[in-house]
Amino acid sequence: MSNKINRRSFLKLFGAGTLTAGTAAVVGCKNNDNTTKARQEPPVGKMTYRLNHNTGDKVSILGYGMMRLPTKGQTLGGRQVGDEEVDQDMVNKQVDYALAHGVNYFDTSPVYTQGMSEHHTGIALHRHPRKSYYIATKMSNMHSYTRQDSIDMFNHSLKELQTDYIDYYLLHSIGGSNDEYPDAIDLFNARFIKNGILDFILQKKKEGKIRNLGFSYHGDVKVFDHALQMMDQGKVHWDFVQIELNYLDWHWANEINDRNTDAEYLYEELRKRNIPAVIMEPLLGGRLADMPIKLVNQLKQREPERSVASWAFRYAATRPNVLVLLSGMTYMEHLKDNLLSLCPLKPLTAKEMTFLEEDIAKQIVGYKTIPCNDCKYCMPCPYGVDIPGVFVHYNKCLNESNVPQTTQDPEYAKARRAFLVGYDRSVPKLRQADHCIGCGTCVPMCPQKIQIPDELHNIADYVEELKQDLL
């Protein structure tokens, strides 16, 4: 018997804005200001859409990032630990809910979720009419650049996603370098030009197997510029480009890390060429949602009923050349809050945009957090370290003033306990920073160019000093 959901059944489940008996009418969730309030149910039929002028696609401003899928493991400290088997039933449920509320763009990759994201995404989406959603996936040939392996990757994506064509196909994460190719342009050429893979992809576009072609960018800006120059020279047409954009990166990306590029430059280069921008990391892996209480209060004073995350989503969505912004919505509450922010979008005023870019962002920079977005590109660590888990815990404690610098601190005992107890709860002991041997395997994989072993060793030393009261 077919497991597809027909339109009548789908609308019966979600179309009238009601929920099945197994779903609460309101969600009680703890906000960043440490208060609990009931959230209203997102409305149906209110999604904001943007038009892709290249193909006429009507794309939901909120896209579903399928990088961090729900798993069957237990949750500690807000993170999945233990059994990492993907919970397909929950993936299906959340995809159904997203579609019912107007989300129609789903972004995945052959390397997400330990190589299983396309498989689980394909199962969830194949239950719905193919014309009701757009699939974005990538040529993620970061580990093998051979022509045959890359072609196999493309064909495998079609198979796993259970589709005959890809709506939005990307050259994945251009701009990086590695030991074999320390120059980022050389690596770009090895992955896509010398092996003929870009020509292969262009042929697939002619055949209708790819509807829109673009790239996602992390790293050396000269590769970003080079790719756009290829379009200027008529060698390729980019239908869209995926960049990292948020109110912290708009002016401060290079300030935080001199190897990163401010989002203002990236966005304006695309706007000048009329290339639609797909936005990743509007929340910086959650860092613009889980902020210091001082900053939370400043946002809440302006709009008490809005979540902290809502400011970041509306900031990115307000920019007119943005086609869609992606969010890795692991939990149903994430999905619902984002829908409330964008169904419909209430654009920020110029004054509000400046407030975020110049006031809130400047204060965030002053906290000196590790710029980890929890993307998990560095994983798995060959020695079992939960790299993003360590950084997420450290940043969280820093935001909450639970990283004491001296035993003379009046709150030292309280902060020490909060850091150490929380560390053991959120990161299993065998996966903590002290198990890093400094092999450096993770470094070239990090889009934020974090010197990961150095940061892990610093945290491991700090933890040991805390344990022995040596600060």
# chains A, B, ... in the order shown; residues from 1 in each chain; ligands from 1

call {"tool": "select_by_dssp", "arguments": {"residues": "range 322-375 of chain A", "states": "alpha helix (DSSP H)", "output": "list in words"}}
result
Met332, Glu333, His334, Leu335, Lys336, Asp337, Asn338, Leu339, Leu340, Ser341, Leu342, Ala350, Lys351, Glu352, Met353, Thr354, Ala361, Lys362, Gln363, Ile364, Val365 and Gly366 of chain A

call {"tool": "residues_around", "arguments": {"residues": "Ser60 in chain A", "least_positions_apart": "2", "cutoff": "7 Å", "atoms": "only C-alpha atoms", "output": "PyMOL selection string"}}
result
chain A and resi 47-50+58+62-63+102-105+324

call {"tool": "atom_distance", "arguments": {"atom1": "CA of His251 in chain A", "atom2": "CA of Glu264 in chain A"}}
result
6.6 Å

call {"tool": "residues_around", "arguments": {"residues": "Ile364 in chain A", "least_positions_apart": "3", "cutoff": "9 Å", "atoms": "only C-alpha atoms", "output": "ChimeraX atom specification"}}
result
/A:248,288,291-292,295,359-361,367-369

call {"tool": "write_last_selection", "arguments": {"atoms": "all heavy atoms", "output": "mmCIF file, in the first residue's frame"}}
result
data_model
loop_
_atom_site.group_PDB
_atom_site.id
_atom_site.type_symbol
_atom_site.label_atom_id
_atom_site.label_comp_id
_atom_site.auth_asym_id
_atom_site.auth_seq_id
_atom_site.Cartn_x
_atom_site.Cartn_y
_atom_site.Cartn_z
ATOM 1 N N LEU A 248 25.402 39.830 13.480
ATOM 2 C CA LEU A 248 26.764 39.843 14.014
ATOM 3 C C LEU A 248 27.777 39.827 12.874
ATOM 4 O O LEU A 248 28.764 40.568 12.873
ATOM 5 C CB LEU A 248 26.986 38.641 14.938
ATOM 6 C CG LEU A 248 28.362 38.569 15.624
ATOM 7 C CD1 LEU A 248 28.609 39.801 16.487
ATOM 8 C CD2 LEU A 248 28.476 37.302 16.466
ATOM 9 N N LEU A 288 22.839 33.440 18.589
ATOM 10 C CA LEU A 288 22.030 34.657 18.622
ATOM 11 C C LEU A 288 20.657 34.400 19.230
ATOM 12 O O LEU A 288 19.788 35.262 19.189
ATOM 13 C CB LEU A 288 21.890 35.234 17.206
ATOM 14 C CG LEU A 288 23.193 35.656 16.540
ATOM 15 C CD1 LEU A 288 22.921 36.326 15.206
ATOM 16 C CD2 LEU A 288 24.014 36.573 17.443
ATOM 17 N N MET A 291 21.725 34.090 24.424
ATOM 18 C CA MET A 291 22.620 35.222 24.653
ATOM 19 C C MET A 291 22.647 35.611 26.133
ATOM 20 O O MET A 291 21.786 35.205 26.910
ATOM 21 C CB MET A 291 22.180 36.415 23.804
ATOM 22 C CG MET A 291 22.272 36.167 22.309
ATOM 23 S SD MET A 291 22.314 37.709 21.353
ATOM 24 C CE MET A 291 20.755 38.456 21.794
ATOM 25 N N PRO A 292 23.629 36.406 26.530
ATOM 26 C CA PRO A 292 23.687 36.894 27.910
ATOM 27 C C PRO A 292 22.393 37.604 28.299
ATOM 28 O O PRO A 292 21.779 38.293 27.476
ATOM 29 C CB PRO A 292 24.873 37.853 27.906
ATOM 30 C CG PRO A 292 25.742 37.360 26.794
ATOM 31 C CD PRO A 292 24.800 36.841 25.750
ATOM 32 N N LEU A 295 21.730 41.222 27.311
ATOM 33 C CA LEU A 295 21.310 41.488 25.938
ATOM 34 C C LEU A 295 19.875 41.036 25.707
ATOM 35 O O LEU A 295 19.120 41.687 24.982
ATOM 36 C CB LEU A 295 22.242 40.795 24.956
ATOM 37 C CG LEU A 295 23.728 41.168 25.058
ATOM 38 C CD1 LEU A 295 24.525 40.489 23.954
ATOM 39 C CD2 LEU A 295 23.912 42.674 24.990
ATOM 40 N N ASP A 359 24.748 47.971 17.972
ATOM 41 C CA ASP A 359 24.650 47.965 19.431
ATOM 42 C C ASP A 359 24.758 46.538 19.984
ATOM 43 O O ASP A 359 25.729 46.188 20.658
ATOM 44 C CB ASP A 359 23.338 48.613 19.872
ATOM 45 C CG ASP A 359 23.306 48.897 21.368
ATOM 46 O OD1 ASP A 359 24.083 48.274 22.106
ATOM 47 O OD2 ASP A 359 22.491 49.727 21.801
ATOM 48 N N ILE A 360 23.776 45.714 19.668
ATOM 49 C CA ILE A 360 23.775 44.347 20.180
ATOM 50 C C ILE A 360 25.000 43.576 19.693
ATOM 51 O O ILE A 360 25.686 42.895 20.474
ATOM 52 C CB ILE A 360 22.479 43.616 19.775
ATOM 53 C CG1 ILE A 360 21.262 44.294 20.396
ATOM 54 C CG2 ILE A 360 22.547 42.152 20.208
ATOM 55 C CD1 ILE A 360 21.216 44.248 21.908
ATOM 56 N N ALA A 361 25.313 43.664 18.402
ATOM 57 C CA ALA A 361 26.448 42.917 17.849
ATOM 58 C C ALA A 361 27.764 43.330 18.511
ATOM 59 O O ALA A 361 28.602 42.482 18.819
ATOM 60 C CB ALA A 361 26.528 43.128 16.338
ATOM 61 N N TYR A 367 32.081 39.701 24.430
ATOM 62 C CA TYR A 367 32.046 38.533 25.312
ATOM 63 C C TYR A 367 33.106 37.491 24.960
ATOM 64 O O TYR A 367 33.338 36.566 25.732
ATOM 65 C CB TYR A 367 30.653 37.894 25.277
ATOM 66 C CG TYR A 367 29.665 38.604 26.169
ATOM 67 C CD1 TYR A 367 28.922 39.674 25.689
ATOM 68 C CD2 TYR A 367 29.486 38.222 27.495
ATOM 69 C CE1 TYR A 367 28.020 40.343 26.502
ATOM 70 C CE2 TYR A 367 28.593 38.886 28.319
ATOM 71 C CZ TYR A 367 27.860 39.953 27.823
ATOM 72 O OH TYR A 367 26.973 40.617 28.634
ATOM 73 N N LYS A 368 33.750 37.608 23.807
ATOM 74 C CA LYS A 368 34.872 36.739 23.422
ATOM 75 C C LYS A 368 34.510 35.258 23.434
ATOM 76 O O LYS A 368 35.291 34.412 23.892
ATOM 77 C CB LYS A 368 36.083 36.988 24.336
ATOM 78 C CG LYS A 368 36.558 38.424 24.378
ATOM 79 C CD LYS A 368 37.039 38.902 23.006
ATOM 80 C CE LYS A 368 37.570 40.334 23.069
ATOM 81 N NZ LYS A 368 37.974 40.843 21.737
ATOM 82 N N THR A 369 33.335 34.930 22.972
ATOM 83 C CA THR A 369 32.967 33.518 22.870
ATOM 84 C C THR A 369 33.721 32.871 21.705
ATOM 85 O O THR A 369 34.229 33.550 20.820
ATOM 86 C CB THR A 369 31.456 33.357 22.636
ATOM 87 O OG1 THR A 369 31.083 34.147 21.503
ATOM 88 C CG2 THR A 369 30.667 33.809 23.856
#

call {"tool": "select_by_dssp", "arguments": {"residues": "range 130-356 of chain A", "states": "strand (DSSP E)", "output": "ChimeraX atom specification"}}
result
/A:134-139,166-174,210-217,240-244,277-280,322-327

call {"tool": "atom_distance", "arguments": {"atom1": "CA of Asn178 in chain A", "atom2": "CA of Ile166 in chain A"}}
result
29.0 Å

call {"tool": "atom_distance", "arguments": {"atom1": "CA of Arg416 in chain A", "atom2": "CA of Val403 in chain A"}}
result
7.2 Å

call {"tool": "closest_atom_pairs", "arguments": {"of": "range 213-291 of chain A", "to": "range 127-140 of chain A", "cutoff": "12 Å", "atoms": "only C-alpha atoms", "output": "tab-separated table"}}
result
residue	atom	partner	partner_atom	distance
A:Leu213	CA	A:Ala136	CA	9.8
A:Gly214	CA	A:Lys138	CA	9.3
A:Phe215	CA	A:Lys138	CA	8.3
A:Ser216	CA	A:Lys138	CA	8.8
A:Phe240	CA	A:Ala136	CA	11.2
A:Val241	CA	A:Ala136	CA	11.8
A:Gln242	CA	A:Ala136	CA	10.9
A:Val278	CA	A:Ala136	CA	10.7

call {"tool": "closest_residue", "arguments": {"among": "A:Lys46, A:Ile151, A:Leu245, A:Pro70", "to": "Gln94 in chain A", "atoms": "only C-alpha atoms"}}
result
A:Pro70

call {"tool": "closest_residue", "arguments": {"among": "A:Leu339, A:Pro453, A:Tyr217, A:Gln298", "to": "Ala184 in chain A", "atoms": "only C-alpha atoms"}}
result
A:Tyr217
